[in-house]
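Next up, entry04.tsv (TSV, C-alpha atoms):
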chain	number	residue	atom	x	y	z
Z	1	MET	CA	21.24	10.29	2.96
Z	2	SER	CA	19.76	7.10	1.53
Z	3	TYR	CA	18.40	3.99	3.19
Z	4	SER	CA	16.97	0.73	1.94
Z	5	CYS	CA	15.03	-2.13	3.45
Z	6	THR	CA	13.20	-5.28	2.50
Z	7	SER	CA	9.98	-6.57	4.01
Z	8	ARG	CA	8.00	-9.74	3.46
Z	9	GLY	CA	4.26	-9.85	3.98
Z	10	SER	CA	1.51	-12.33	3.33
Z	11	SER	CA	-2.18	-12.19	2.73
Z	12	GLN	CA	-4.63	-14.91	3.50
Z	13	ASP	CA	-7.65	-16.06	1.58
Z	14	PRO	CA	-10.75	-14.82	3.48
Z	15	SER	CA	-11.91	-18.41	3.84
Z	16	SER	CA	-8.69	-19.65	5.44
Z	17	ALA	CA	-7.34	-16.89	7.67
Z	18	LYS	CA	-7.13	-17.84	11.32
Z	19	LYS	CA	-6.33	-14.77	13.38
Z	20	PRO	CA	-7.41	-11.11	13.13
Z	21	VAL	CA	-4.94	-8.25	13.01
Z	22	GLY	CA	-5.09	-4.66	14.09
Z	23	SER	CA	-5.04	-5.04	17.88
Z	24	SER	CA	-2.13	-5.02	20.27
Z	25	GLY	CA	-2.55	-8.73	21.01
Z	26	ASN	CA	-2.01	-9.83	17.43
Z	27	PRO	CA	1.09	-11.78	16.45
Z	28	VAL	CA	3.84	-9.90	14.61
Z	29	ARG	CA	6.48	-11.82	12.73
Z	30	ASP	CA	9.92	-10.27	13.07
Z	31	THR	CA	12.03	-11.21	10.08
Z	32	GLY	CA	15.14	-10.08	11.89
Z	33	GLY	CA	17.38	-7.15	11.08
Z	34	THR	CA	20.76	-6.70	9.48
Z	35	THR	CA	22.87	-3.65	8.89
Z	36	ASP	CA	25.00	-3.22	5.82
Z	37	GLY	CA	27.64	-0.53	6.03
Z	38	GLY	CA	28.00	-0.31	2.26
Z	39	THR	CA	28.00	2.88	0.25
Z	40	GLY	CA	25.30	3.97	-2.18
Z	41	THR	CA	25.90	5.35	-5.66
Z	42	ASP	CA	25.65	8.89	-4.29
Z	43	GLY	CA	28.51	8.25	-1.87
Z	44	SER	CA	26.28	8.12	1.19
Z	45	SER	CA	26.08	5.24	3.64
Z	46	LYS	CA	23.27	2.80	3.04
Z	47	GLN	CA	21.51	0.81	5.74
Z	48	THR	CA	19.66	-2.40	4.95
Z	49	ALA	CA	17.16	-3.73	7.49
Z	50	ALA	CA	14.32	-6.21	7.51
Z	51	MET	CA	10.99	-4.97	8.82
Z	52	LYS	CA	8.21	-6.39	10.94
Z	53	VAL	CA	5.19	-7.47	8.91
Z	54	LYS	CA	1.68	-8.46	9.98
Z	55	LYS	CA	-0.33	-11.05	8.10
Z	56	GLY	CA	-3.52	-10.42	6.17
Z	57	CYS	CA	-6.98	-10.87	7.59
Z	58	SER	CA	-10.41	-11.84	6.36
Z	59	PRO	CA	-13.61	-9.75	6.26
Z	60	ALA	CA	-15.30	-11.95	8.87
Z	61	GLU	CA	-12.39	-11.69	11.28
Z	62	VAL	CA	-12.22	-7.92	10.92
Z	63	VAL	CA	-15.76	-7.89	12.36
Z	64	VAL	CA	-14.68	-10.16	15.22
Z	65	GLY	CA	-11.35	-8.57	16.05
Z	66	VAL	CA	-11.98	-4.92	15.15
Z	67	PRO	CA	-15.19	-2.87	15.44
Z	68	VAL	CA	-16.96	-2.32	12.13
Z	69	THR	CA	-16.57	1.22	10.80
Z	70	THR	CA	-18.07	3.17	7.90
Z	71	GLU	CA	-16.56	5.75	5.62
Z	72	GLU	CA	-19.11	8.30	6.84
Z	73	ASP	CA	-18.03	7.76	10.45
Z	74	LEU	CA	-14.36	8.19	9.63
Z	75	LEU	CA	-14.85	11.32	7.53
Z	76	SER	CA	-16.30	13.02	10.59
Z	77	SER	CA	-13.48	11.86	12.87
Z	78	SER	CA	-10.58	14.15	13.76
Z	79	VAL	CA	-8.11	11.24	14.05
Z	80	ILE	CA	-8.21	7.99	12.04
Z	81	THR	CA	-6.29	4.99	13.38
Z	82	PRO	CA	-5.22	1.67	11.85
Z	83	GLU	CA	-8.04	-0.09	13.70
Z	84	ASP	CA	-10.51	2.32	12.10
Z	85	VAL	CA	-9.57	1.38	8.52
Z	86	LEU	CA	-9.32	-2.32	9.37
Z	87	GLY	CA	-13.00	-2.09	10.31
Z	88	LEU	CA	-14.08	-0.85	6.87
Z	89	GLN	CA	-16.22	-3.34	4.96
Z	90	LYS	CA	-15.80	-1.96	1.43
Z	91	ILE	CA	-13.66	0.31	-0.73
Z	92	THR	CA	-13.85	3.99	0.13
Z	93	GLU	CA	-15.44	6.46	-2.28
Z	94	ASN	CA	-13.50	9.46	-0.94
Z	95	TYR	CA	-10.09	10.20	0.48
Z	96	LEU	CA	-10.14	9.96	4.27
Z	97	CYS	CA	-7.55	12.69	4.79
Z	98	SER	CA	-6.40	15.78	2.95
Z	99	PRO	CA	-2.96	16.25	1.36
Z	100	GLU	CA	-2.27	18.91	4.01
Z	101	GLU	CA	-2.28	16.22	6.70
Z	102	ASN	CA	0.99	14.90	5.28
Z	103	ILE	CA	2.94	17.23	7.59
Z	104	TYR	CA	6.02	15.03	7.24
Z	105	ASN	CA	6.32	15.81	3.52
Z	106	ILE	CA	6.43	12.14	2.57
Z	107	ASP	CA	6.83	12.03	-1.21
Z	108	PHE	CA	6.74	8.81	-3.22
Z	109	THR	CA	9.10	9.24	-6.16
Z	110	ARG	CA	9.40	5.77	-7.71
Z	111	PHE	CA	7.41	2.54	-7.79
Z	112	LYS	CA	8.19	-0.82	-9.39
Z	113	ILE	CA	6.38	-4.18	-9.40
Z	114	ARG	CA	8.18	-7.41	-10.32
Z	115	ASP	CA	7.41	-11.12	-10.41
Z	116	MET	CA	9.63	-12.66	-7.73
Z	117	GLU	CA	9.93	-16.01	-9.51
Z	118	THR	CA	11.21	-14.65	-12.83
Z	119	ALA	CA	12.38	-11.15	-11.78
Z	120	THR	CA	10.29	-9.78	-14.67
Z	121	VAL	CA	9.39	-6.11	-14.18
Z	122	LEU	CA	5.62	-5.81	-14.57
Z	123	PHE	CA	5.16	-2.11	-13.88
Z	124	GLU	CA	7.45	0.84	-13.20
Z	125	ILE	CA	6.84	4.54	-12.81
Z	126	THR	CA	9.06	7.42	-11.68
Z	127	LYS	CA	7.82	10.82	-10.61
Z	128	PRO	CA	9.23	13.46	-12.98
Z	129	PRO	CA	11.23	16.27	-11.43
Z	130	SER	CA	9.37	19.50	-10.75
Z	131	THR	CA	9.64	22.08	-13.53
Z	132	ASP	CA	8.09	24.94	-11.54
Z	133	LYS	CA	10.23	28.04	-11.23
Z	134	ALA	CA	10.85	29.57	-7.83
Z	135	GLY	CA	7.90	31.68	-6.76
Z	136	GLU	CA	5.72	30.45	-9.63
Z	137	LYS	CA	2.16	29.51	-8.65
Z	138	ARG	CA	-0.04	27.11	-10.57
Z	139	ASP	CA	-3.47	25.64	-10.08
Z	140	ILE	CA	-2.77	22.02	-9.15
Z	141	ASP	CA	-5.27	19.29	-8.42
Z	142	PRO	CA	-4.81	18.62	-4.68
Z	143	ASN	CA	-5.40	14.90	-5.30
Z	144	ALA	CA	-2.88	14.62	-8.12
Z	145	GLY	CA	-0.56	11.68	-7.49
Z	146	ARG	CA	-2.95	10.00	-5.04
Z	147	PHE	CA	-4.52	7.68	-7.61
Z	148	VAL	CA	-2.94	5.06	-9.90
Z	149	ARG	CA	-4.61	2.95	-12.60
Z	150	TYR	CA	-2.90	-0.37	-13.31
Z	151	GLN	CA	-3.29	-2.50	-16.43
Z	152	PHE	CA	-2.07	-6.09	-16.22
Z	153	THR	CA	-2.53	-9.28	-18.23
Z	154	PRO	CA	-4.68	-12.18	-16.91
Z	155	ALA	CA	-1.48	-14.00	-15.95
Z	156	PHE	CA	-0.95	-11.51	-13.11
Z	157	LEU	CA	-3.85	-13.07	-11.20
Z	158	ARG	CA	-2.01	-16.40	-11.04
Z	159	LEU	CA	1.21	-15.01	-9.60
Z	160	ARG	CA	1.98	-16.19	-6.08
Z	161	GLN	CA	4.68	-13.71	-5.05
Z	162	VAL	CA	5.21	-10.13	-6.22
Z	163	GLY	CA	7.79	-7.60	-5.10
Z	164	ALA	CA	6.81	-3.92	-4.93
Z	165	THR	CA	9.70	-1.50	-4.63
Z	166	VAL	CA	8.86	1.99	-3.45
Z	167	GLU	CA	11.20	4.95	-3.18
Z	168	PHE	CA	10.22	7.92	-1.05
Z	169	THR	CA	11.68	11.00	0.58
Z	170	VAL	CA	10.75	12.61	3.87
Z	171	GLY	CA	10.97	16.21	5.05
Z	172	ASP	CA	12.87	17.76	7.91
Z	173	MET	CA	11.04	15.90	10.69
Z	174	PRO	CA	11.85	12.35	11.80
Z	175	ILE	CA	9.07	9.80	11.30
Z	176	GLU	CA	8.29	7.34	14.07
Z	177	ASN	CA	6.29	4.17	13.51
Z	178	PHE	CA	5.58	4.61	9.78
Z	179	ARG	CA	3.01	2.01	8.75
Z	180	MET	CA	0.99	1.13	5.65
Z	181	ILE	CA	-2.27	-0.83	5.48
Z	182	GLU	CA	-3.35	-1.81	1.97
Z	183	ARG	CA	-6.72	-3.42	1.29
Z	184	HIS	CA	-7.81	-4.90	-2.05
Z	185	TYR	CA	-11.44	-5.36	-3.04
Z	186	PHE	CA	-13.39	-6.74	-5.97
Z	187	ARG	CA	-16.92	-5.36	-6.09
Z	188	ASP	CA	-16.74	-4.45	-2.39
Z	189	LYS	CA	-15.57	-7.94	-1.41
Z	190	LEU	CA	-12.30	-7.89	0.52
Z	191	LEU	CA	-9.81	-10.07	-1.37
Z	192	LYS	CA	-6.69	-9.43	0.67
Z	193	SER	CA	-5.31	-7.05	3.27
Z	194	PHE	CA	-1.64	-6.25	3.82
Z	195	ASP	CA	-0.01	-4.55	6.79
Z	196	PHE	CA	3.59	-3.30	6.58
Z	197	GLU	CA	5.63	-1.43	9.18
Z	198	PHE	CA	8.36	0.83	7.78
Z	199	GLY	CA	9.54	1.76	11.28
Z	200	PHE	CA	11.69	4.86	11.79
Z	201	CYS	CA	12.69	7.22	8.96
Z	202	MET	CA	15.39	9.82	9.50
Z	203	PRO	CA	14.64	13.44	8.57
Z	204	SER	CA	15.63	14.61	5.08
Z	205	SER	CA	16.27	11.02	4.00
Z	206	LYS	CA	15.65	9.09	0.81
Z	207	ASN	CA	14.33	5.59	1.43
Z	208	THR	CA	13.86	2.51	-0.73
Z	209	CYS	CA	11.80	-0.49	0.42
Z	210	GLU	CA	10.65	-3.63	-1.32
Z	211	HIS	CA	7.45	-5.21	0.01
Z	212	ILE	CA	7.04	-8.89	-0.81
Z	213	TYR	CA	3.37	-9.66	-1.43
Z	214	GLU	CA	2.39	-13.30	-1.09
Z	215	PHE	CA	-0.98	-13.71	-2.77
Z	216	PRO	CA	-3.58	-16.32	-1.82
Z	217	PRO	CA	-4.95	-18.44	-4.67
Z	218	LEU	CA	-8.14	-17.13	-6.25
Z	219	SER	CA	-10.96	-19.31	-7.49
Z	220	GLU	CA	-11.42	-19.68	-11.24
Z	221	ASP	CA	-14.80	-17.97	-10.98
Z	222	ILE	CA	-13.32	-14.90	-9.27
Z	223	ILE	CA	-10.44	-14.74	-11.77
Z	224	ARG	CA	-12.87	-14.86	-14.68
Z	225	GLU	CA	-15.03	-12.10	-13.22
Z	226	MET	CA	-12.02	-9.88	-12.47
Z	227	ILE	CA	-10.83	-10.23	-16.07
Z	228	LEU	CA	-14.28	-9.52	-17.53
Z	229	HIS	CA	-14.82	-6.44	-15.38
Z	230	PRO	CA	-11.79	-4.14	-15.55
Z	231	TYR	CA	-11.31	-1.51	-12.85
Z	232	GLU	CA	-13.86	-3.08	-10.53
Z	233	THR	CA	-10.87	-4.37	-8.58
Z	234	GLN	CA	-9.75	-1.50	-6.35
Z	235	SER	CA	-7.48	-0.82	-3.42
Z	236	ASP	CA	-7.05	1.65	-0.58
Z	237	SER	CA	-3.55	2.37	0.75
Z	238	PHE	CA	-3.52	4.02	4.16
Z	239	TYR	CA	-0.33	5.47	5.66
Z	240	PHE	CA	0.06	6.15	9.37
Z	241	VAL	CA	2.61	7.87	11.57
Z	242	ASP	CA	2.29	7.10	15.28
Z	243	ASN	CA	-1.09	5.46	14.57
Z	244	LYS	CA	-2.57	8.56	12.92
Z	245	LEU	CA	-3.61	8.60	9.25
Z	246	VAL	CA	-1.46	11.07	7.30
Z	247	MET	CA	-1.84	9.82	3.69
Z	248	HIS	CA	-4.45	7.93	1.67
Z	249	ASN	CA	-3.87	6.71	-1.88
Z	250	LYS	CA	-6.23	4.77	-4.15
Z	251	ALA	CA	-5.84	2.52	-7.19
Z	252	ASP	CA	-7.88	0.39	-9.57
Z	253	TYR	CA	-6.87	-2.55	-11.73
Z	254	SER	CA	-7.55	-4.13	-15.11
Z	255	TYR	CA	-6.47	-7.70	-15.88
Z	256	ASN	CA	-7.51	-7.97	-19.52
Z	257	GLY	CA	-4.35	-6.58	-21.11
Z	258	GLY	CA	-3.23	-8.49	-24.18
Z	259	THR	CA	-6.63	-10.16	-24.67
How does this structure look as structure tokens?
Amino acid sequence: MSYSCTSRGSSQDPSSAKKPVGSSGNPVRDTGGTTDGGTGTDGSSKQTAAMKVKKGCSPAEVVVGVPVTTEEDLLSSSVITPEDVLGLQKITENYLCSPEENIYNIDFTRFKIRDMETATVLFEITKPPSTDKAGEKRDIDPNAGRFVRYQFTPAFLRLRQVGATVEFTVGDMPIENFRMIERHYFRDKLLKSFDFEFGFCMPSSKNTCEHIYEFPPLSEDIIREMILHPYETQSDSFYFVDNKLVMHNKADYSYNGGT
């Protein structure tokens, strides 16, 4: 069974954000929901629904609205919540949860980034099908698939709106309150923070969502530094089910492609 959805999020420049996020009193913008009873290419019904999205926040407001946390504190915690990661002041050096904590068997199988203004595909990757034979055991890096390295041109830093389509499957348990918090840093300075709510995912389903990232303008000085220093721009992507961290992915970025 397949499902699809579209969500729109925004991130604010740290100097201009007005309200913190991460607490129950924060505003949530509901983009409304629609249901499309159409049929997918595999013959299954397809549901299309808009999702609730929270706006980005600034480093200063994270301190005000959410208690400051450290990676060391969280690594010793048995449960990590969205408020915990919103209190982090820099990129993490380690993964904050193990692959075994993904008890829902969430598996990301496809990812695409496109410029919303021109519909140009900027990046696309699909997970290859498994070639392991039944009963065959191999030594596999437990963190394989948890890290992505992106290479873009300098023009990417001037885009205002980017769509990120993700396709994922879930195991035989339903998922309540599936949420992603993604935080982008340059040299440990928080550039932008995104907060998306996937909502409910049916068991044994295949899901496709497009997140609409609205980027704040960057200063010319920051753009120049990010181009001159590839892979010093990094991000943490934290995934929660019922406010408990179950997955943590990492990425770094280069913006000097084609130069």
Polymer residues at most 12 Å from Asp115 in chain Z, all atoms listed in the file, same-chain spacing of 6 or more positions, as a count of residues only: 19
Taking 5 positions as the minimum chain separation for residues in the same chain, which residues sit within 9 Å of Thr69 in chain Z when counting only C-alpha atoms? Answer as a PDB file with C-alpha atoms, in the coordinates of the input.
ATOM      1  CA  LEU Z  74     -14.360   8.190   9.630  1.00  0.00           C
ATOM      2  CA  ASP Z  84     -10.510   2.320  12.100  1.00  0.00           C
ATOM      3  CA  VAL Z  85      -9.570   1.380   8.520  1.00  0.00           C
ATOM      4  CA  LEU Z  86      -9.320  -2.320   9.370  1.00  0.00           C
ATOM      5  CA  GLY Z  87     -13.000  -2.090  10.310  1.00  0.00           C
ATOM      6  CA  LEU Z  88     -14.080  -0.850   6.870  1.00  0.00           C
ATOM      7  CA  GLN Z  89     -16.220  -3.340   4.960  1.00  0.00           C
TER       8      GLN Z  89
END
Radius query 9 Å about (10.9, 6.3, -12.5), atoms used: only C-alpha atoms, as a ChimeraX atom specification: /Z:109-112,124-128
Go ahead and write the residues just picked, C-alpha atoms, as a CSV table (one decimal), in the coordinates of the input.
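Written file, part-v6.csv:
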chain,number,residue,atom,x,y,z
Z,109,THR,CA,9.1,9.2,-6.2
Z,110,ARG,CA,9.4,5.8,-7.7
Z,111,PHE,CA,7.4,2.5,-7.8
Z,112,LYS,CA,8.2,-0.8,-9.4
Z,124,GLU,CA,7.4,0.8,-13.2
Z,125,ILE,CA,6.8,4.5,-12.8
Z,126,THR,CA,9.1,7.4,-11.7
Z,127,LYS,CA,7.8,10.8,-10.6
Z,128,PRO,CA,9.2,13.5,-13.0
CA of Leu96 in chain Z to CA of Ser76 in chain Z, distance in Å rounded to a single decimal: 9.3 Å
Interatomic distance (Å, one decimal) between CA of Pro174 in chain Z and CA of Ser205 in chain Z: 9.1 Å
Cut-off 12 Å around (-2.2, 8.5, -9.6) with only C-alpha atoms: residues as a list of chain:residue names: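 Residues with an atom at most 12 Å from (-2.2, 8.5, -9.6): Z:Phe108, Z:Thr109, Z:Phe111, Z:Ile125, Z:Thr126, Z:Lys127, Z:Asp141, Z:Pro142, Z:Asn143, Z:Ala144, Z:Gly145, Z:Arg146, Z:Phe147, Z:Val148, Z:Arg149, Z:Tyr150, Z:His248, Z:Asn249, Z:Lys250, Z:Ala251, Z:Asp252.
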Computed interatomic separation between CA of Ile223 in chain Z and CA of Glu117 in chain Z (Å):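 Going from CA of Ile223 in chain Z over to CA of Glu117 in chain Z, I get 20.5 Å.
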Shell of 7 Å around Phe168 in chain Z, all atoms listed in the file, local chain residues under 3 positions omitted, as JSON, numbers by chain: {"Z": [106, 107, 108, 109, 206, 207, 208]}
Closest of Z:Ser193, Z:Asn243, Z:Ser130, Z:Thr118 to Arg179 in chain Z - atom-to-atom distances counting only C-alpha atoms: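 Comparing Z:Ser193, Z:Asn243, Z:Ser130, Z:Thr118 against Arg179 in chain Z, the winner is Z:Asn243.
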Pick from Z:Glu72, Z:Asp188, Z:Glu182, Z:Asp172 nearest to Phe240 in chain Z, counting only C-alpha atoms: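 Residue with the minimum atom-to-atom distance to Phe240 in chain Z: Z:Glu182.
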8 Å contact set for His184 in chain Z, only C-alpha atoms, chain neighbours under 6 positions out, as a list in words: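 Neighbouring residues, sequence-local ones excluded: Ile91, Leu190, Leu191, Lys192, Ser193, Thr233, Gln234, Ser235 and Asp236 of chain Z.
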Please save C-alpha atoms of the selected residues as an mmCIF file, in the coordinates of the input.
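Wrote it out as out-v3.cif, contents follow:
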data_model
loop_
_atom_site.group_PDB
_atom_site.id
_atom_site.type_symbol
_atom_site.label_atom_id
_atom_site.label_comp_id
_atom_site.auth_asym_id
_atom_site.auth_seq_id
_atom_site.Cartn_x
_atom_site.Cartn_y
_atom_site.Cartn_z
ATOM 1 C CA ILE Z 91 -13.660 0.310 -0.730
ATOM 2 C CA LEU Z 190 -12.300 -7.890 0.520
ATOM 3 C CA LEU Z 191 -9.810 -10.070 -1.370
ATOM 4 C CA LYS Z 192 -6.690 -9.430 0.670
ATOM 5 C CA SER Z 193 -5.310 -7.050 3.270
ATOM 6 C CA THR Z 233 -10.870 -4.370 -8.580
ATOM 7 C CA GLN Z 234 -9.750 -1.500 -6.350
ATOM 8 C CA SER Z 235 -7.480 -0.820 -3.420
ATOM 9 C CA ASP Z 236 -7.050 1.650 -0.580
#
Closest of Z:Arg183, Z:Lys244, Z:Lys90, Z:Arg224 to Val68 in chain Z - atom-to-atom distances counting only C-alpha atoms: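 Among the listed residues, Z:Lys90 lies closest to Val68 in chain Z.
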Which residue of Z:Asn256, Z:Thr81, Z:Asn102, Z:Ser204 approaches His229 in chain Z most closely, using all atoms listed in the file: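 So, comparing all the options, the nearest one is Z:Asn256.
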